[in-house]
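> Here you go, this is run07.cif (mmCIF, C-alpha atoms).
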```
data_structure
loop_
_atom_site.label_atom_id
_atom_site.label_comp_id
_atom_site.auth_asym_id
_atom_site.auth_seq_id
_atom_site.Cartn_x
_atom_site.Cartn_y
_atom_site.Cartn_z
CA MET A 1 31.81 17.38 26.59
CA LEU A 2 34.87 18.81 24.88
CA LYS A 3 34.51 20.56 21.59
CA LYS A 4 36.14 18.95 18.54
CA VAL A 5 37.13 19.32 14.76
CA ALA A 6 36.18 18.51 11.17
CA LEU A 7 37.91 17.95 7.82
CA LEU A 8 38.38 18.44 4.14
CA ALA A 9 36.64 18.81 0.82
CA LEU A 10 38.91 18.32 -2.12
CA VAL A 11 36.43 17.54 -4.84
CA ASN A 12 33.09 19.06 -5.86
CA LEU A 13 30.48 16.32 -6.31
CA ALA A 14 29.00 17.91 -9.39
CA ALA A 15 32.35 18.89 -10.94
CA ALA A 16 33.50 17.22 -14.13
CA GLN A 17 37.12 17.30 -12.95
CA VAL A 18 38.70 16.18 -9.70
CA GLY A 19 40.55 18.83 -7.67
CA ALA A 20 44.05 18.73 -6.17
CA TYR A 21 44.63 15.70 -3.93
CA GLY A 22 41.16 14.37 -4.73
CA GLN A 23 40.36 10.71 -5.30
CA CYS A 24 40.16 9.82 -8.99
CA GLY A 25 39.92 6.02 -8.91
CA GLY A 26 39.83 2.86 -6.83
CA VAL A 27 37.56 -0.01 -5.84
CA GLY A 28 34.00 1.25 -5.47
CA TYR A 29 34.83 4.72 -6.79
CA SER A 30 32.28 6.07 -9.30
CA GLY A 31 33.35 9.70 -9.74
CA SER A 32 35.39 11.48 -12.36
CA THR A 33 38.82 10.13 -13.29
CA THR A 34 39.98 13.41 -14.87
CA CYS A 35 42.01 15.82 -12.73
CA VAL A 36 42.10 19.61 -12.98
CA SER A 37 44.78 21.18 -15.16
CA GLY A 38 48.32 20.52 -13.92
CA TRP A 39 47.35 17.42 -11.94
CA THR A 40 47.30 13.78 -13.04
CA CYS A 41 45.45 10.73 -11.70
CA GLN A 42 48.11 8.47 -10.20
CA TYR A 43 47.48 4.89 -9.02
CA GLN A 44 48.33 4.27 -5.33
CA ASN A 45 46.72 0.85 -4.84
CA ASP A 46 43.49 -0.98 -5.70
CA TRP A 47 41.55 1.14 -3.21
CA TYR A 48 42.86 4.53 -4.11
CA SER A 49 44.11 6.70 -6.99
CA GLN A 50 44.77 10.38 -6.34
CA CYS A 51 45.19 13.62 -8.33
CA LEU A 52 48.83 14.59 -7.84
CA THR A 53 51.30 17.01 -9.37
CA SER A 54 55.08 17.13 -9.58
CA SER A 55 55.24 20.83 -8.71
CA ALA A 56 56.33 21.95 -5.26
CA VAL A 57 53.62 22.90 -2.77
CA GLY A 58 55.89 24.95 -0.52
CA THR A 59 55.29 23.00 2.67
CA THR A 60 57.99 21.41 4.81
CA LEU A 61 57.15 18.28 6.80
CA THR A 62 59.41 16.98 9.53
CA THR A 63 59.37 14.22 12.11
CA LYS A 64 60.75 14.73 15.61
CA SER A 65 62.11 11.73 17.51
CA SER A 66 63.58 11.53 20.98
CA THR A 67 67.08 11.70 19.53
CA SER A 68 66.92 13.71 16.34
CA THR A 69 64.74 15.66 13.95
CA THR A 70 64.71 14.65 10.30
CA SER A 71 63.46 17.25 7.83
CA VAL A 72 61.65 16.13 4.71
CA LYS A 73 61.11 18.90 2.15
CA THR A 74 57.92 18.39 0.19
CA THR A 75 59.07 18.85 -3.37
CA THR A 76 56.32 16.74 -4.89
CA SER A 77 52.78 16.11 -3.78
CA THR A 78 53.57 12.47 -3.06
CA THR A 79 56.13 13.26 -0.35
CA THR A 80 54.93 12.82 3.23
CA ALA A 81 56.53 12.83 6.66
CA LYS A 82 58.14 9.49 7.45
CA VAL A 83 58.28 8.08 10.97
CA THR A 84 61.47 6.06 11.38
CA THR A 85 61.54 5.53 15.14
CA THR A 86 60.89 2.11 16.62
CA THR A 87 57.55 1.83 18.44
CA THR A 88 56.53 -0.24 21.42
CA THR A 89 53.42 -1.59 19.74
CA ALA A 90 53.05 -5.34 20.08
CA SER A 91 52.58 -7.44 16.96
CA ALA A 92 49.11 -8.64 16.04
CA SER A 93 47.83 -11.53 18.06
CA GLY A 94 44.52 -12.99 19.14
CA THR A 95 41.71 -14.08 16.89
CA GLY A 96 41.64 -11.15 14.51
CA PHE A 97 40.52 -7.57 14.02
CA PRO A 98 37.19 -6.01 15.02
CA THR A 99 34.73 -5.85 12.15
CA THR A 100 31.07 -5.48 11.28
CA ASN A 101 28.69 -8.41 11.00
CA GLY A 102 25.46 -7.22 9.45
CA LEU A 103 24.09 -4.52 11.77
CA LYS A 104 26.31 -5.64 14.65
CA PHE A 105 29.99 -5.48 15.55
CA GLU A 106 32.19 -8.52 15.94
CA ILE A 107 35.05 -8.53 18.46
CA ASP A 108 37.27 -11.58 18.94
CA GLY A 109 34.80 -13.73 17.06
CA LYS A 110 31.82 -12.61 19.16
CA THR A 111 28.96 -10.76 17.48
CA SER A 112 27.08 -8.70 20.02
CA TYR A 113 26.07 -5.28 21.28
CA PHE A 114 29.03 -3.69 23.09
CA ALA A 115 29.42 -1.03 25.77
CA GLY A 116 32.29 1.43 25.99
CA SER A 117 33.35 4.95 26.85
CA ASN A 118 35.48 7.95 25.85
CA SER A 119 38.73 9.23 27.35
CA TYR A 120 40.27 12.14 25.47
CA TRP A 121 43.05 12.50 28.08
CA ILE A 122 44.52 9.02 28.45
CA GLY A 123 47.13 9.47 25.71
CA PHE A 124 48.46 12.59 27.44
CA LEU A 125 49.25 10.85 30.75
CA THR A 126 52.95 10.42 31.59
CA ASN A 127 52.59 7.73 34.26
CA ASN A 128 52.32 4.22 32.80
CA ALA A 129 50.74 2.91 35.99
CA ASP A 130 47.85 5.36 35.56
CA VAL A 131 47.24 4.11 32.03
CA ASP A 132 47.29 0.49 33.19
CA LEU A 133 44.91 1.26 36.06
CA VAL A 134 42.34 2.66 33.65
CA PHE A 135 42.51 -0.36 31.37
CA ASP A 136 42.38 -2.74 34.34
CA HIS A 137 39.13 -1.09 35.42
CA LEU A 138 37.72 -1.06 31.89
CA GLU A 139 38.43 -4.77 31.45
CA GLU A 140 36.99 -5.61 34.85
CA SER A 141 33.84 -3.59 34.13
CA GLY A 142 33.12 -5.15 30.75
CA LEU A 143 33.70 -1.94 28.76
CA ARG A 144 35.13 -3.26 25.48
CA ILE A 145 35.65 -0.08 23.43
CA LEU A 146 37.44 3.13 24.38
CA ARG A 147 37.58 6.17 22.11
CA VAL A 148 40.72 8.28 22.57
CA TRP A 149 42.25 11.37 21.00
CA GLY A 150 44.87 10.43 18.43
CA PHE A 151 45.75 14.10 17.98
CA ASN A 152 47.39 16.75 20.16
CA ASP A 153 48.29 19.71 17.96
CA VAL A 154 50.30 22.74 19.09
CA ASN A 155 51.59 25.91 17.40
CA ALA A 156 54.58 26.23 19.76
CA VAL A 157 56.61 23.63 21.63
CA PRO A 158 55.18 23.42 25.17
CA SER A 159 57.18 23.31 28.40
CA SER A 160 59.32 20.25 29.10
CA GLY A 161 57.34 17.20 30.18
CA THR A 162 54.13 18.28 28.41
CA VAL A 163 52.88 15.76 25.87
CA TYR A 164 52.18 16.89 22.31
CA TYR A 165 51.97 14.96 19.05
CA HIS A 166 52.04 17.47 16.21
CA LEU A 167 53.76 20.87 15.95
CA LEU A 168 52.21 23.13 13.30
CA LYS A 169 54.19 26.32 12.85
CA ASP A 170 54.92 28.72 9.97
CA GLY A 171 53.99 26.30 7.20
CA THR A 172 55.86 23.39 8.79
CA ALA A 173 54.38 20.23 10.31
CA THR A 174 56.58 18.34 12.78
CA ILE A 175 55.39 14.96 14.05
CA ASN A 176 56.71 14.31 17.55
CA THR A 177 57.54 10.61 17.84
CA GLY A 178 59.55 11.05 21.02
CA ALA A 179 58.92 10.12 24.65
CA ASP A 180 56.70 13.20 25.08
CA GLY A 181 54.94 12.51 21.79
CA LEU A 182 53.46 9.50 20.05
CA GLN A 183 55.32 7.11 22.35
CA ARG A 184 52.66 8.00 24.92
CA LEU A 185 49.99 6.82 22.50
CA ASP A 186 52.12 3.71 21.89
CA TYR A 187 51.76 2.82 25.55
CA VAL A 188 47.99 3.32 25.45
CA VAL A 189 47.72 0.91 22.52
CA ALA A 190 49.99 -1.67 24.20
CA SER A 191 48.10 -1.46 27.51
CA ALA A 192 44.73 -1.78 25.77
CA GLN A 193 45.93 -4.77 23.77
CA ALA A 194 47.15 -6.53 26.93
CA ARG A 195 43.66 -6.18 28.44
CA ASN A 196 41.62 -6.83 25.30
CA VAL A 197 40.10 -3.36 25.13
CA LYS A 198 39.60 -1.98 21.62
CA LEU A 199 40.44 1.62 20.69
CA ILE A 200 38.89 4.15 18.36
CA ILE A 201 41.60 6.65 17.40
CA ASN A 202 40.80 9.89 15.58
CA PHE A 203 43.14 12.30 13.83
CA VAL A 204 41.95 15.90 14.26
CA ASN A 205 39.45 18.02 16.18
CA ASN A 206 36.75 20.27 14.81
CA TRP A 207 37.15 22.30 17.99
CA SER A 208 40.21 24.13 19.27
CA ASP A 209 40.75 21.80 22.22
CA TYR A 210 44.19 20.21 21.80
CA GLY A 211 44.83 22.25 18.68
CA GLY A 212 42.53 20.82 16.08
CA MET A 213 41.75 22.47 12.77
CA ALA A 214 42.33 25.88 14.32
CA ALA A 215 46.01 24.98 14.82
CA TYR A 216 46.28 24.10 11.13
CA VAL A 217 44.68 27.43 10.20
CA THR A 218 47.24 29.27 12.34
CA ALA A 219 50.10 27.48 10.61
CA PHE A 220 48.83 27.32 7.03
CA GLY A 221 46.22 30.08 6.72
CA GLY A 222 42.67 29.85 5.47
CA SER A 223 39.67 29.31 7.72
CA GLN A 224 37.79 26.59 9.52
CA THR A 225 35.58 25.91 6.50
CA SER A 226 38.38 26.13 3.92
CA TRP A 227 40.51 23.70 5.95
CA TYR A 228 38.97 20.85 3.99
CA THR A 229 40.33 22.21 0.71
CA ASN A 230 43.55 23.88 1.89
CA THR A 231 46.35 22.04 0.06
CA ALA A 232 49.07 22.73 2.64
CA ALA A 233 46.85 21.83 5.60
CA GLN A 234 45.67 18.64 3.94
CA THR A 235 49.24 17.63 3.05
CA ALA A 236 50.20 17.95 6.73
CA TYR A 237 47.01 16.19 7.85
CA GLN A 238 47.50 13.22 5.51
CA ALA A 239 51.15 12.93 6.59
CA TYR A 240 50.02 12.81 10.22
CA VAL A 241 47.35 10.22 9.43
CA LYS A 242 49.95 8.08 7.70
CA ALA A 243 52.35 8.36 10.66
CA VAL A 244 49.72 7.21 13.18
CA VAL A 245 48.13 4.48 11.05
CA SER A 246 51.55 3.06 10.19
CA ARG A 247 52.38 2.62 13.89
CA TYR A 248 49.34 0.50 14.72
CA LYS A 249 48.00 -1.00 11.50
CA ASP A 250 48.95 -4.52 12.68
CA SER A 251 47.51 -4.15 16.17
CA PRO A 252 44.27 -5.96 17.08
CA ALA A 253 43.77 -3.32 19.77
CA ILE A 254 42.50 -0.87 17.15
CA PHE A 255 38.72 -0.97 16.76
CA ALA A 256 38.58 1.73 14.09
CA TRP A 257 40.23 4.84 12.68
CA GLU A 258 38.21 8.02 12.77
CA LEU A 259 38.60 10.97 10.43
CA ALA A 260 37.84 13.70 12.96
CA ASN A 261 36.06 14.56 16.15
CA GLU A 262 32.69 16.11 15.29
CA PRO A 263 33.56 17.48 11.82
CA ARG A 264 31.41 20.39 10.70
CA CYS A 265 31.50 22.84 7.81
CA ASN A 266 28.99 25.49 8.79
CA GLY A 267 27.10 26.93 5.85
CA CYS A 268 28.86 24.66 3.35
CA ASP A 269 27.16 22.57 0.72
CA THR A 270 27.03 18.95 1.91
CA SER A 271 29.23 17.94 -1.04
CA VAL A 272 32.23 19.55 0.70
CA LEU A 273 32.29 17.17 3.64
CA TYR A 274 31.06 14.29 1.51
CA ASN A 275 34.01 14.63 -0.85
CA TRP A 276 36.49 15.08 1.97
CA ILE A 277 35.12 12.02 3.79
CA LYS A 278 35.20 9.92 0.62
CA THR A 279 38.76 10.94 -0.27
CA THR A 280 40.18 10.67 3.25
CA SER A 281 38.53 7.35 4.14
CA ALA A 282 39.80 5.84 0.89
CA TYR A 283 43.28 7.12 1.70
CA ILE A 284 43.18 5.48 5.14
CA LYS A 285 42.00 2.21 3.59
CA SER A 286 44.95 2.42 1.20
CA LEU A 287 47.26 2.51 4.23
CA ASP A 288 45.42 -0.11 6.27
CA SER A 289 42.72 -2.40 4.85
CA LYS A 290 42.48 -4.47 8.06
CA HIS A 291 40.74 -1.98 10.30
CA MET A 292 37.40 -0.21 10.11
CA VAL A 293 37.05 3.49 9.30
CA ALA A 294 34.37 5.89 10.58
CA ILE A 295 33.72 9.62 10.36
CA GLY A 296 33.33 10.68 14.02
CA ASP A 297 30.42 13.02 13.26
CA GLU A 298 27.47 13.96 15.45
CA GLY A 299 24.83 12.52 13.13
CA PHE A 300 23.55 15.86 11.84
CA GLY A 301 21.60 16.16 8.60
CA LEU A 302 18.97 13.41 8.70
CA SER A 303 15.50 13.25 7.15
CA THR A 304 14.54 9.94 8.78
CA GLY A 305 12.30 10.73 11.75
CA SER A 306 13.07 14.44 11.47
CA ASP A 307 11.07 16.90 13.53
CA GLY A 308 12.80 19.87 11.89
CA SER A 309 14.92 20.67 14.93
CA TYR A 310 18.49 21.93 14.50
CA PRO A 311 20.33 18.56 14.75
CA TYR A 312 18.25 17.08 11.91
CA THR A 313 19.03 19.97 9.54
CA TYR A 314 21.90 20.27 7.07
CA GLY A 315 23.30 23.66 8.09
CA GLU A 316 26.54 22.18 9.46
CA GLY A 317 27.33 20.72 6.03
CA LEU A 318 26.52 17.11 6.93
CA ASN A 319 24.20 14.62 5.27
CA PHE A 320 24.11 11.52 7.47
CA THR A 321 22.69 9.03 4.98
CA MET A 322 24.72 10.29 2.01
CA ASN A 323 27.97 10.10 3.97
CA LEU A 324 27.13 6.63 5.28
CA SER A 325 26.73 5.41 1.68
CA ILE A 326 30.48 5.86 1.06
CA ASP A 327 32.04 2.40 0.51
CA THR A 328 35.12 3.12 2.65
CA ILE A 329 33.03 4.12 5.69
CA ASP A 330 32.28 0.94 7.65
CA PHE A 331 29.77 2.21 10.21
CA ALA A 332 27.97 5.36 11.29
CA THR A 333 28.57 7.49 14.35
CA PHE A 334 26.22 9.87 16.13
CA HIS A 335 26.30 11.88 19.38
CA LEU A 336 23.66 13.22 21.78
CA TYR A 337 23.85 16.46 23.79
CA PRO A 338 20.34 17.93 24.13
CA SER A 339 21.45 20.75 26.45
CA SER A 340 23.90 21.99 23.79
CA TRP A 341 21.47 21.61 20.91
CA GLY A 342 18.39 23.29 22.37
CA THR A 343 16.37 20.10 22.69
CA THR A 344 15.01 18.13 25.64
CA ASN A 345 16.42 15.02 27.26
CA ASP A 346 13.37 12.97 26.24
CA TRP A 347 13.89 14.13 22.64
CA GLY A 348 17.07 12.06 22.68
CA ASN A 349 15.18 8.77 22.47
CA GLY A 350 13.75 9.70 19.07
CA TRP A 351 17.20 10.84 17.92
CA ILE A 352 18.52 7.37 18.76
CA THR A 353 15.73 5.46 17.00
CA SER A 354 15.94 7.70 13.92
CA HIS A 355 19.62 6.90 13.47
CA GLY A 356 19.02 3.22 14.07
CA ALA A 357 16.41 3.22 11.31
CA ALA A 358 18.75 5.05 8.92
CA CYS A 359 21.57 2.59 9.65
CA ALA A 360 19.29 -0.42 9.20
CA ALA A 361 18.19 0.97 5.83
CA ALA A 362 21.84 1.45 4.81
CA GLY A 363 22.83 -2.02 6.00
CA LYS A 364 25.59 -0.69 8.25
CA PRO A 365 25.69 -0.53 12.08
CA CYS A 366 25.36 2.66 14.09
CA LEU A 367 27.72 3.49 16.94
CA PHE A 368 26.06 5.71 19.57
CA GLU A 369 29.45 7.26 20.12
CA GLU A 370 29.01 10.11 22.62
CA TYR A 371 26.25 11.06 25.02
CA GLY A 372 26.23 12.83 28.35
CA VAL A 373 24.74 15.29 30.80
CA THR A 374 26.18 17.31 33.67
CA SER A 375 23.91 15.95 36.44
CA ASP A 376 21.33 13.23 37.13
CA HIS A 377 23.38 10.88 34.96
CA CYS A 378 21.48 7.72 35.78
CA THR A 379 18.02 9.29 35.52
CA ILE A 380 18.70 10.75 32.07
CA GLU A 381 21.29 8.51 30.43
CA ALA A 382 19.98 5.08 31.50
CA PRO A 383 16.80 5.50 29.39
CA TRP A 384 18.99 6.43 26.39
CA GLN A 385 21.02 3.25 26.91
CA LYS A 386 17.85 1.17 27.12
CA THR A 387 16.52 2.73 23.90
CA ALA A 388 19.81 2.14 22.09
CA LEU A 389 20.06 -1.48 23.25
CA GLY A 390 16.55 -2.15 21.99
CA THR A 391 16.88 -0.39 18.63
CA ASN A 392 17.71 -2.34 15.49
CA GLY A 393 20.70 -0.79 13.78
CA ILE A 394 22.43 0.41 16.98
CA ALA A 395 25.42 -1.85 17.68
CA ALA A 396 27.23 -0.23 20.61
CA ASP A 397 27.28 2.86 22.82
CA LEU A 398 30.13 4.85 24.37
CA TYR A 399 29.18 7.29 27.11
CA TRP A 400 31.03 10.60 27.56
CA GLN A 401 33.13 10.30 29.55
CA TYR A 402 35.12 7.86 31.70
CA GLY A 403 36.59 9.07 35.00
CA ASP A 404 38.98 7.42 37.45
CA THR A 405 41.18 8.20 40.44
CA LEU A 406 44.81 8.28 39.31
CA SER A 407 48.14 8.75 41.05
CA TYR A 408 47.69 12.54 41.16
CA GLY A 409 43.95 12.56 41.93
CA GLN A 410 40.84 12.45 39.79
CA SER A 411 41.10 12.42 36.00
CA PRO A 412 39.74 15.50 34.16
CA ASP A 413 36.09 16.40 34.72
CA ASP A 414 34.57 18.39 31.87
CA GLY A 415 31.18 18.43 33.58
CA ASN A 416 29.90 15.23 31.99
CA THR A 417 32.35 12.88 33.72
CA PHE A 418 31.34 10.24 36.22
CA TYR A 419 33.89 8.10 38.01
CA TYR A 420 34.71 4.45 38.42
CA GLY A 421 33.29 3.05 41.64
CA THR A 422 30.45 5.58 42.06
CA SER A 423 26.71 4.90 42.09
CA ASP A 424 26.46 6.43 38.61
CA PHE A 425 29.08 3.97 37.41
CA THR A 426 27.08 1.09 38.89
CA CYS A 427 23.93 2.25 37.13
CA LEU A 428 25.36 3.21 33.74
CA VAL A 429 28.15 0.65 33.43
CA THR A 430 27.67 -2.35 35.72
CA ASP A 431 23.90 -2.57 35.22
CA HIS A 432 24.11 -1.71 31.52
CA VAL A 433 26.73 -4.41 30.82
CA ALA A 434 24.57 -6.90 32.75
CA ALA A 435 21.57 -5.98 30.58
CA ILE A 436 23.66 -6.49 27.44
CA ASN A 437 24.90 -9.88 28.62
CA SER A 438 21.41 -11.01 29.51
#
```
I need this file expressed as structure tokens, please.

Amino acid sequence: MLKKVALLALVNLAAAQVGAYGQCGGVGYSGSTTCVSGWTCQYQNDWYSQCLTSSAVGTTLTTKSSTSTTSVKTTTSTTTAKVTTTTTTASASGTGFPTTNGLKFEIDGKTSYFAGSNSYWIGFLTNNADVDLVFDHLEESGLRILRVWGFNDVNAVPSSGTVYYHLLKDGTATINTGADGLQRLDYVVASAQARNVKLIINFVNNWSDYGGMAAYVTAFGGSQTSWYTNTAAQTAYQAYVKAVVSRYKDSPAIFAWELANEPRCNGCDTSVLYNWIKTTSAYIKSLDSKHMVAIGDEGFGLSTGSDGSYPYTYGEGLNFTMNLSIDTIDFATFHLYPSSWGTTNDWGNGWITSHGAACAAAGKPCLFEEYGVTSDHCTIEAPWQKTALGTNGIAADLYWQYGDTLSYGQSPDDGNTFYYGTSDFTCLVTDHVAAINS
């Protein structure tokens, strides 16, 4: 399992006034409509109004294409980086966009339980044939959902031929839309769409792998916990979100947008992440109302079925049920890594049923989004799959992580990987898909 990153808190739940860049209106919004001094509540669309100011914030945003770099100086809080390059994304086709249907997901008109996987690395491949091979095998195997990294942040331009999406340096955010940038993600989306695989794309990492929040801190200052309220960092983050969403908002290959990979705010009041999630998810909905939005969290902070162990507590700043109540969050996510959390493998079955119960009570489906072990995959993970499949409120599961043999050899193995064509793959994919279909 790779480590990953969390996000913002722009508004204090109990505050009478909304902070800078906070949400101050929109469909379903019930908070304050008064901004702090120097900021005004400005209508964006029916979903979203935001506290903005006309004063400069001192951050420069740029976009890098394969032919030129266009600088956009942020002189007002409404200015964001604009992607002007042409993408390779196909236009929307098929029967529609993935959605929820009660406590289930609906894909291409079919309401069912779905199986899928994770591949953080696929958007960083430079060989199109390798990308196509992966999606051929996913389609053949019946894996309908793939979660991929929609971020790749750096603080310095890497060597030629190395893929990166977002350069964060000295208060400047440069979005790389060139052939070694988001055009690689373009190909992933196009290949998935051609094979009817749906993608979950997230925007930042709680962990330092592939940059994440730590890269923003290096460029804009602050700390991991203050990242959620750092004006410059959030301006760059929202500009990046807009750039990615704008590329694929008409693609039926997108299953959902995800705010972050495993967001945490250690020691923070749960209102910090709650407010950041509420503001950011509403912002994404204002850009794209067609696709679902999720948090990408591990499921921490839950009273339902709690045994008092670390994952159920609120010390990482998360409140699972409170965050799920946000109108612009369409479904819940939760992960399972007992060896990292100081619990047992058998404990995982209760973790699954507890989240299913919480989701059923909220009336929204749960996605069992990541789970894995470093050995005995079938012995340990197959019972988790069986529990998830039989639990009301759980709508799909994505194991961590998918592996395949590519043109250069095996895809990355972080210790939890098992590979296409192996006995583990037969047990945890072939047999699991058969159980779902039966």
> Check what the PyMOL selection byres ((chain A and resi 224) around 8) selects in the file above and give those residues as an MDAnalysis selection string.
chainID A and resid 213:214 217 222:223 225:227 265
> Care to translate the PyMOL selection byres ((chain A and resi 404) around 8) into actual residues of this file, as a short mmCIF file (atom, residue, chain, number, x, y, z; two decimals) with C-alpha atoms, in the frame of the given file?

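Output file result.cif is given in full below:
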```cif
data_model
loop_
_atom_site.label_atom_id
_atom_site.label_comp_id
_atom_site.auth_asym_id
_atom_site.auth_seq_id
_atom_site.Cartn_x
_atom_site.Cartn_y
_atom_site.Cartn_z
CA VAL A 134 42.34 2.66 33.65
CA TYR A 402 35.12 7.86 31.70
CA GLY A 403 36.59 9.07 35.00
CA THR A 405 41.18 8.20 40.44
CA LEU A 406 44.81 8.28 39.31
CA GLN A 410 40.84 12.45 39.79
CA SER A 411 41.10 12.42 36.00
CA TYR A 419 33.89 8.10 38.01
CA TYR A 420 34.71 4.45 38.42
#
```
> Compare A:Leu103, A:Val188, A:Ala173, A:Val429 by their minimum atom-to-atom distance to Leu125 of chain A, counting all atoms listed in the file, and give me the closest one.
A:Val188
> Looking at A:Thr321, A:Ser32, A:Gln23, A:Gln234, which one is nearest to His355 of chain A, with distances taken over only C-alpha atoms?
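Nearest to His355 of chain A: A:Thr321.
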> I'd like to know which of A:Tyr399, A:Tyr408, A:Tyr216, A:Tyr310 is closest to Ser117 of chain A, using only C-alpha atoms.
A:Tyr399
> Using the chain letters and numbering of this document, enumerate as number ranges by chain the residues selected by the PyMOL selection byres ((chain A and resi 333-348) around 6).
A: 296-299, 332, 349-351, 366-371
> Using only C-alpha atoms, pick whichever of A:Cys41, A:Ala388, A:Ala115, A:Val433 has the shortest atom-to-atom distance to Lys198 of chain A.
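Answer, going by the shortest atom-to-atom distance: A:Ala115.
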> Neighbouring residues of Asp108 of chain A were defined as those with any atom within 12 Å, considering all atoms listed in the file; residues of the same chain fewer than 5 positions away were excluded. Please report them as a ChimeraX atom specification.
/A:93-100,144,196-198,252-253,255
> Put those residues in a file: C-alpha atoms, as a PDB file, in the coordinates of the input.

```pdb
ATOM      1  CA  SER A  93      47.830 -11.530  18.060  1.00  0.00           C
ATOM      2  CA  GLY A  94      44.520 -12.990  19.140  1.00  0.00           C
ATOM      3  CA  THR A  95      41.710 -14.080  16.890  1.00  0.00           C
ATOM      4  CA  GLY A  96      41.640 -11.150  14.510  1.00  0.00           C
ATOM      5  CA  PHE A  97      40.520  -7.570  14.020  1.00  0.00           C
ATOM      6  CA  PRO A  98      37.190  -6.010  15.020  1.00  0.00           C
ATOM      7  CA  THR A  99      34.730  -5.850  12.150  1.00  0.00           C
ATOM      8  CA  THR A 100      31.070  -5.480  11.280  1.00  0.00           C
ATOM      9  CA  ARG A 144      35.130  -3.260  25.480  1.00  0.00           C
ATOM     10  CA  ASN A 196      41.620  -6.830  25.300  1.00  0.00           C
ATOM     11  CA  VAL A 197      40.100  -3.360  25.130  1.00  0.00           C
ATOM     12  CA  LYS A 198      39.600  -1.980  21.620  1.00  0.00           C
ATOM     13  CA  PRO A 252      44.270  -5.960  17.080  1.00  0.00           C
ATOM     14  CA  ALA A 253      43.770  -3.320  19.770  1.00  0.00           C
ATOM     15  CA  PHE A 255      38.720  -0.970  16.760  1.00  0.00           C
TER      16      PHE A 255
END
```
> Taking into account all atoms listed in the file, which residue in the set A:Ala260, A:Ala358, A:Cys24, A:Met322 is nearest to Gly305 of chain A?
A:Ala358
> Of the candidates A:Phe114, A:Leu302, A:His137, A:Asn416, which shows the shortest atom-to-atom distance to Asn437 of chain A, using only C-alpha atoms?
A:Phe114
> Would you kindly place N, CA and C atoms on segment 185-197 of chain A and return the model as an mmCIF file, keeping the file's coordinate frame?

```cif
data_model
loop_
_atom_site.group_PDB
_atom_site.id
_atom_site.type_symbol
_atom_site.label_atom_id
_atom_site.label_comp_id
_atom_site.auth_asym_id
_atom_site.auth_seq_id
_atom_site.Cartn_x
_atom_site.Cartn_y
_atom_site.Cartn_z
ATOM 1 N N LEU A 185 51.103 7.542 23.125
ATOM 2 C CA LEU A 185 49.990 6.820 22.500
ATOM 3 C C LEU A 185 50.367 5.353 22.280
ATOM 4 N N ASP A 186 51.651 5.091 21.994
ATOM 5 C CA ASP A 186 52.120 3.710 21.890
ATOM 6 C C ASP A 186 51.771 2.919 23.147
ATOM 7 N N TYR A 187 52.000 3.545 24.303
ATOM 8 C CA TYR A 187 51.760 2.820 25.550
ATOM 9 C C TYR A 187 50.268 2.563 25.758
ATOM 10 N N VAL A 188 49.439 3.510 25.357
ATOM 11 C CA VAL A 188 47.990 3.320 25.450
ATOM 12 C C VAL A 188 47.565 2.112 24.613
ATOM 13 N N VAL A 189 48.071 2.025 23.397
ATOM 14 C CA VAL A 189 47.720 0.910 22.520
ATOM 15 C C VAL A 189 48.208 -0.420 23.106
ATOM 16 N N ALA A 190 49.439 -0.437 23.616
ATOM 17 C CA ALA A 190 49.990 -1.670 24.200
ATOM 18 C C ALA A 190 49.204 -2.099 25.440
ATOM 19 N N SER A 191 48.841 -1.141 26.294
ATOM 20 C CA SER A 191 48.100 -1.460 27.510
ATOM 21 C C SER A 191 46.694 -1.962 27.178
ATOM 22 N N ALA A 192 46.052 -1.335 26.200
ATOM 23 C CA ALA A 192 44.730 -1.780 25.770
ATOM 24 C C ALA A 192 44.789 -3.187 25.205
ATOM 25 N N GLN A 193 45.804 -3.450 24.388
ATOM 26 C CA GLN A 193 45.930 -4.770 23.770
ATOM 27 C C GLN A 193 46.126 -5.851 24.827
ATOM 28 N N ALA A 194 46.894 -5.550 25.874
ATOM 29 C CA ALA A 194 47.150 -6.530 26.930
ATOM 30 C C ALA A 194 45.881 -6.879 27.700
ATOM 31 N N ARG A 195 44.897 -5.968 27.670
ATOM 32 C CA ARG A 195 43.660 -6.180 28.440
ATOM 33 C C ARG A 195 42.443 -6.353 27.553
ATOM 34 N N ASN A 196 42.681 -6.526 26.252
ATOM 35 C CA ASN A 196 41.620 -6.830 25.300
ATOM 36 C C ASN A 196 40.550 -5.744 25.241
ATOM 37 N N VAL A 197 40.978 -4.501 25.365
ATOM 38 C CA VAL A 197 40.100 -3.360 25.130
ATOM 39 C C VAL A 197 40.434 -2.809 23.747
#
```
